[in-house]
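To start, the structure under review is shown below, and the notes come after it.
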Amino acid sequence: MVATPIGNLGDMTPRAVEVLKAVGHIAAEDTRHSGSLLRHFGISTPMIALHDHNERQRTEMLLERLTTGEDIALISDAGTPLISDPGYHLVRQTRAAGVKVVPVPGASALIAALSVSGLPTDRFCFEGFLPAKSAARRARFEHLSRETRTIAFYEAPHRIEETLEDAAAVLGSEREAVLARELTKTWETLLTMPLGELLQRVKIDPDQRRGEIVLLIAGAEISDETEAEAHRVVLLLAEELPVKQAAALAAKITGARKNALYEYLLKREQQER
């Protein structure tokens, strides 16, 4: 599984180039798109198309090659394979057949956006692409309305305005959000503001409706009642576990933020000294 740049070709790792030159074939989401990348790095390895519409059929053929000893690399159009890209069935069947699957890490738009967002990253959830229809999209936002983790989405530029309208309507116009667009490319932009303000910015600025987009939305605030329950749980766990483990487990149980629970325990310890 070989990650490729999401824009800036300087993000291609030496290991990725080495692997792509050494394997017998490269399975690529779009051979025409990937052809330009391979030519840039002087890679002449033959490609096989593997995309959403043919993955199940191609997996059998690729498995035959793999089980006879051939090495094959999988790349997507950009970033890390399988992250909202094809490859799941291939990896699952390959592992089931006892063939070793090796990650060659590199660029990921999701991780890049989170790293610069300024939103909490100790716990987050990735929702991939939202539904194309407004009703289904709003239903998804309703489902996520009480999610306390930072929520990450990929979104198509022609739908970002409607998506922000739905998000603001369901989650509230004051919920903090980040629009990360064209990361690592020439026109990279990062906008951080409440959903309502972000919607207005996108409406008046057509540039924000172009390119590759990652949308990040802050998690829901924990109510006093929920916070009290989280504190109760973490205190009970801290009687049997180290502070970090207690905070991490309490966060999983209650949905509260791990860092906040960790700080709460440290303050309690200081007060009791």
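Residues are named by chain letter and number: chains run A, B, ... in the order of the structure tokens, numbers start at 1 in each chain, and ligands are numbered from 1 in the order shown.
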For the interface of region 50-162 of chain A with region 15-26 of chain A (cut-off 6 Å, counting only C-alpha atoms), please tabulate each contacting residue of region 50-162 of chain A alongside its nearest pair of atoms and their separation in Å to one decimal, rows sorted by chain and increasing number, as a tab-separated table.
residue	atom	partner	partner_atom	distance
A:Asp71	CA	A:Val23	CA	5.0
A:Ile72	CA	A:His25	CA	5.1
A:Ala73	CA	A:Ile26	CA	4.8
A:Leu74	CA	A:Ile26	CA	5.8
Residues near region 44-52 of chain A, anyone? I mean within 9 Å using only C-alpha atoms, not counting same-chain ones fewer than 2 positions away, as a PDB file with C-alpha atoms, in the first residue's frame.
ATOM      1  CA  LEU A  20       7.204   1.394  -7.179  1.00  0.00           C
ATOM      2  CA  LYS A  21      10.305   0.775  -9.289  1.00  0.00           C
ATOM      3  CA  ALA A  22      10.890  -2.674  -7.781  1.00  0.00           C
ATOM      4  CA  VAL A  23       7.434  -4.306  -7.933  1.00  0.00           C
ATOM      5  CA  GLY A  24       6.175  -6.333 -10.881  1.00  0.00           C
ATOM      6  CA  HIS A  25       3.004  -4.277 -11.383  1.00  0.00           C
ATOM      7  CA  ILE A  26       1.314  -1.205  -9.931  1.00  0.00           C
ATOM      8  CA  ALA A  27      -2.440  -1.337  -9.346  1.00  0.00           C
ATOM      9  CA  ALA A  28      -3.642   2.237  -9.857  1.00  0.00           C
ATOM     10  CA  GLU A  29      -7.036   3.871  -9.401  1.00  0.00           C
ATOM     11  CA  ASP A  30      -6.607   5.886 -12.616  1.00  0.00           C
ATOM     12  CA  THR A  31      -3.717   4.778 -14.828  1.00  0.00           C
ATOM     13  CA  SER A  34      -0.902   7.998 -12.116  1.00  0.00           C
ATOM     14  CA  GLY A  35       1.050   7.822 -15.362  1.00  0.00           C
ATOM     15  CA  LEU A  38       5.301   7.781 -12.452  1.00  0.00           C
ATOM     16  CA  ARG A  39       6.910   9.544 -15.406  1.00  0.00           C
ATOM     17  CA  GLY A  42      11.241   7.872 -13.804  1.00  0.00           C
ATOM     18  CA  ASN A  54     -13.696  -3.377 -11.223  1.00  0.00           C
ATOM     19  CA  GLU A  55     -12.031  -4.050  -7.872  1.00  0.00           C
ATOM     20  CA  ARG A  56     -13.870  -7.278  -7.070  1.00  0.00           C
ATOM     21  CA  ARG A  58      -9.484  -7.578 -10.572  1.00  0.00           C
ATOM     22  CA  THR A  59      -8.797  -8.850  -7.045  1.00  0.00           C
ATOM     23  CA  LEU A  74      -1.403  -0.337  -4.866  1.00  0.00           C
ATOM     24  CA  SER A  76      -4.694   5.738  -5.418  1.00  0.00           C
ATOM     25  CA  ASP A  85     -10.347   5.174  -2.116  1.00  0.00           C
ATOM     26  CA  PRO A  86     -10.471   1.664  -3.621  1.00  0.00           C
ATOM     27  CA  GLY A  87      -8.494  -1.257  -2.211  1.00  0.00           C
TER      28      GLY A  87
END
Secondary structure check, strand (DSSP E or B) residues of region 119-204 of chain A, as a list in words: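 DSSP-assigned strand (DSSP E or B) residues in region 119-204 of chain A: Phe124, Cys125, Phe126, Glu127, Gly128, Phe129, Thr150, Ile151, Ala152, Phe153, Tyr154, Glu155, Glu176, Ala177, Val178, Leu179, Ala180, Arg181, Thr189, Leu190, Leu191, Thr192, Met193 and Pro194 of chain A.
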Given only C-alpha atoms as the counted atoms, nearest of A:Ala230, A:Ala132, A:Ile151, A:Ile83 to Ala107 (chain A):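 Closest candidate: A:Ile83.
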Counting only C-alpha atoms, the option among A:Glu142, A:Glu263, A:Asp77, A:Asp166 closest to Ala246 (chain A):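 Going through A:Glu142, A:Glu263, A:Asp77, A:Asp166 one by one, the smallest distance to Ala246 (chain A) is for A:Glu263.
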Contacts of region 180-192 of chain A within 10 Å, only C-alpha atoms, excl. fewer than 3 positions in-chain, as an NGL selection string: :A and (5-11 or 107-110 or 112-114 or 116-119 or 154-155 or 157 or 176-177 or 195 or 197-198 or 201-202 or 207-217)
Kindly export the residues of the current selection with N, CA and C atoms, as a short mmCIF file (atom, residue, chain, number, x, y, z; two decimals), in the first residue's frame.
data_model
loop_
_atom_site.label_atom_id
_atom_site.label_comp_id
_atom_site.auth_asym_id
_atom_site.auth_seq_id
_atom_site.Cartn_x
_atom_site.Cartn_y
_atom_site.Cartn_z
N PRO A 5 1.79 11.64 -3.22
CA PRO A 5 1.50 13.03 -2.85
C PRO A 5 0.03 13.42 -3.09
N ILE A 6 -0.46 14.34 -2.26
CA ILE A 6 -1.81 14.88 -2.46
C ILE A 6 -1.76 16.17 -3.27
N GLY A 7 -0.58 16.60 -3.65
CA GLY A 7 -0.44 17.82 -4.44
C GLY A 7 1.02 18.11 -4.73
N ASN A 8 1.76 18.39 -3.68
CA ASN A 8 3.17 18.74 -3.82
C ASN A 8 4.00 17.48 -4.07
N LEU A 9 4.64 17.40 -5.23
CA LEU A 9 5.41 16.20 -5.58
C LEU A 9 6.60 15.99 -4.67
N GLY A 10 7.00 17.04 -3.96
CA GLY A 10 8.10 16.91 -3.00
C GLY A 10 7.76 16.03 -1.82
N ASP A 11 6.48 15.69 -1.67
CA ASP A 11 6.05 14.84 -0.56
C ASP A 11 6.16 13.35 -0.89
N ALA A 107 1.72 10.81 2.40
CA ALA A 107 0.72 11.88 2.51
C ALA A 107 -0.68 11.34 2.72
N SER A 108 -1.47 12.11 3.49
CA SER A 108 -2.90 11.84 3.70
C SER A 108 -3.57 13.18 3.93
N ALA A 109 -4.56 13.52 3.11
CA ALA A 109 -5.24 14.80 3.27
C ALA A 109 -5.91 14.90 4.62
N LEU A 110 -6.47 13.79 5.09
CA LEU A 110 -7.14 13.77 6.39
C LEU A 110 -6.19 14.16 7.51
N ALA A 112 -3.20 15.52 7.29
CA ALA A 112 -2.62 16.85 7.07
C ALA A 112 -3.57 17.93 7.57
N ALA A 113 -4.85 17.80 7.27
CA ALA A 113 -5.83 18.79 7.70
C ALA A 113 -5.97 18.83 9.21
N LEU A 114 -6.04 17.68 9.83
CA LEU A 114 -6.15 17.62 11.29
C LEU A 114 -4.95 18.27 11.97
N VAL A 116 -3.14 20.74 11.23
CA VAL A 116 -3.06 22.20 11.22
C VAL A 116 -4.38 22.87 11.59
N SER A 117 -5.38 22.09 11.96
CA SER A 117 -6.72 22.64 12.15
C SER A 117 -6.89 23.47 13.41
N GLY A 118 -6.13 23.15 14.45
CA GLY A 118 -6.35 23.82 15.73
C GLY A 118 -7.49 23.21 16.51
N LEU A 119 -8.16 22.20 15.97
CA LEU A 119 -9.21 21.48 16.69
C LEU A 119 -8.58 20.31 17.44
N TYR A 154 -14.50 14.39 3.80
CA TYR A 154 -14.07 14.85 2.49
C TYR A 154 -15.32 15.36 1.78
N GLU A 155 -15.18 16.42 0.99
CA GLU A 155 -16.34 16.93 0.27
C GLU A 155 -15.95 17.44 -1.11
N PRO A 157 -16.09 19.93 -4.28
CA PRO A 157 -16.21 21.40 -4.31
C PRO A 157 -17.60 21.88 -4.74
N GLU A 176 -17.83 25.51 15.67
CA GLU A 176 -16.56 25.82 15.00
C GLU A 176 -16.25 24.80 13.91
N ALA A 177 -15.74 25.28 12.80
CA ALA A 177 -15.40 24.40 11.68
C ALA A 177 -14.14 24.90 10.98
N LEU A 195 -19.62 27.71 11.70
CA LEU A 195 -20.23 27.20 10.47
C LEU A 195 -20.99 28.27 9.70
N GLU A 197 -20.54 31.55 9.62
CA GLU A 197 -19.62 32.47 8.96
C GLU A 197 -18.89 31.79 7.80
N LEU A 198 -18.55 30.52 8.00
CA LEU A 198 -17.86 29.79 6.95
C LEU A 198 -18.77 29.65 5.72
N ARG A 201 -18.74 32.89 3.83
CA ARG A 201 -17.46 33.09 3.15
C ARG A 201 -17.43 32.27 1.85
N VAL A 202 -17.89 31.05 1.93
CA VAL A 202 -17.90 30.18 0.74
C VAL A 202 -18.87 30.70 -0.31
N ASP A 207 -13.54 30.95 -5.06
CA ASP A 207 -12.31 30.17 -4.94
C ASP A 207 -12.44 29.07 -3.90
N GLN A 208 -13.29 29.30 -2.88
CA GLN A 208 -13.46 28.30 -1.83
C GLN A 208 -14.37 27.16 -2.26
N ARG A 209 -14.85 27.23 -3.48
CA ARG A 209 -15.66 26.14 -4.04
C ARG A 209 -14.90 25.46 -5.17
N ARG A 210 -13.58 25.44 -5.03
CA ARG A 210 -12.73 24.79 -6.04
C ARG A 210 -11.73 23.87 -5.34
N GLY A 211 -11.33 22.82 -6.03
CA GLY A 211 -10.25 21.97 -5.54
C GLY A 211 -10.68 20.90 -4.56
N GLU A 212 -9.68 20.26 -3.96
CA GLU A 212 -9.90 19.17 -3.00
C GLU A 212 -10.16 19.76 -1.62
N ILE A 213 -11.19 19.25 -0.93
CA ILE A 213 -11.62 19.86 0.32
C ILE A 213 -11.71 18.83 1.44
N VAL A 214 -11.15 19.20 2.59
CA VAL A 214 -11.38 18.47 3.84
C VAL A 214 -12.15 19.41 4.76
N LEU A 215 -13.28 18.96 5.28
CA LEU A 215 -14.08 19.76 6.20
C LEU A 215 -13.98 19.14 7.58
N LEU A 216 -13.58 19.95 8.56
CA LEU A 216 -13.49 19.50 9.94
C LEU A 216 -14.48 20.29 10.79
N ILE A 217 -15.20 19.59 11.65
CA ILE A 217 -16.19 20.23 12.51
C ILE A 217 -15.90 19.85 13.96
#
Every residue of region 54-264 of chain A that DSSP places in alpha helix (DSSP H), as a VMD selection string: chain A and resid 55 to 67 88 to 96 109 to 117 134 to 144 160 to 171 195 to 204 224 to 238 243 to 254 258 to 264
Atomic separation - CA of Leu90 (chain A) relative to CA of Leu62 (chain A), Å: 8.2 Å
For Gln57 (chain A), the nearest of the candidates A:Ala220, A:Leu164, A:Ala97, A:His89, counting only C-alpha atoms: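 Smallest separation from Gln57 (chain A) among the options: A:His89.
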Between CA of Thr4 (chain A) and CA of Ala78 (chain A) - distance in Å to one decimal: 5.5 Å
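Distance annotation: of A:Asp122, A:Glu127, A:Glu165, A:Glu60, the residue with the minimal separation from Thr94 (chain A) is A:Glu60; atom set is only C-alpha atoms.
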Shell around Glu221 (chain A) at 12 Å using only C-alpha atoms, local window under 3 positions removed, as a PyMOL selection string: chain A and resi 145-150+171+174-176+217-218+224-227+255-257
Using only C-alpha atoms: which of A:Val233, A:Leu144, A:Ile160, A:Val102 has the shortest distance to Phe126 (chain A): A:Leu144
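The gap separating CA of Gly69 (chain A) from CA of His33 (chain A) is 27.6 Å, in Å to one decimal.
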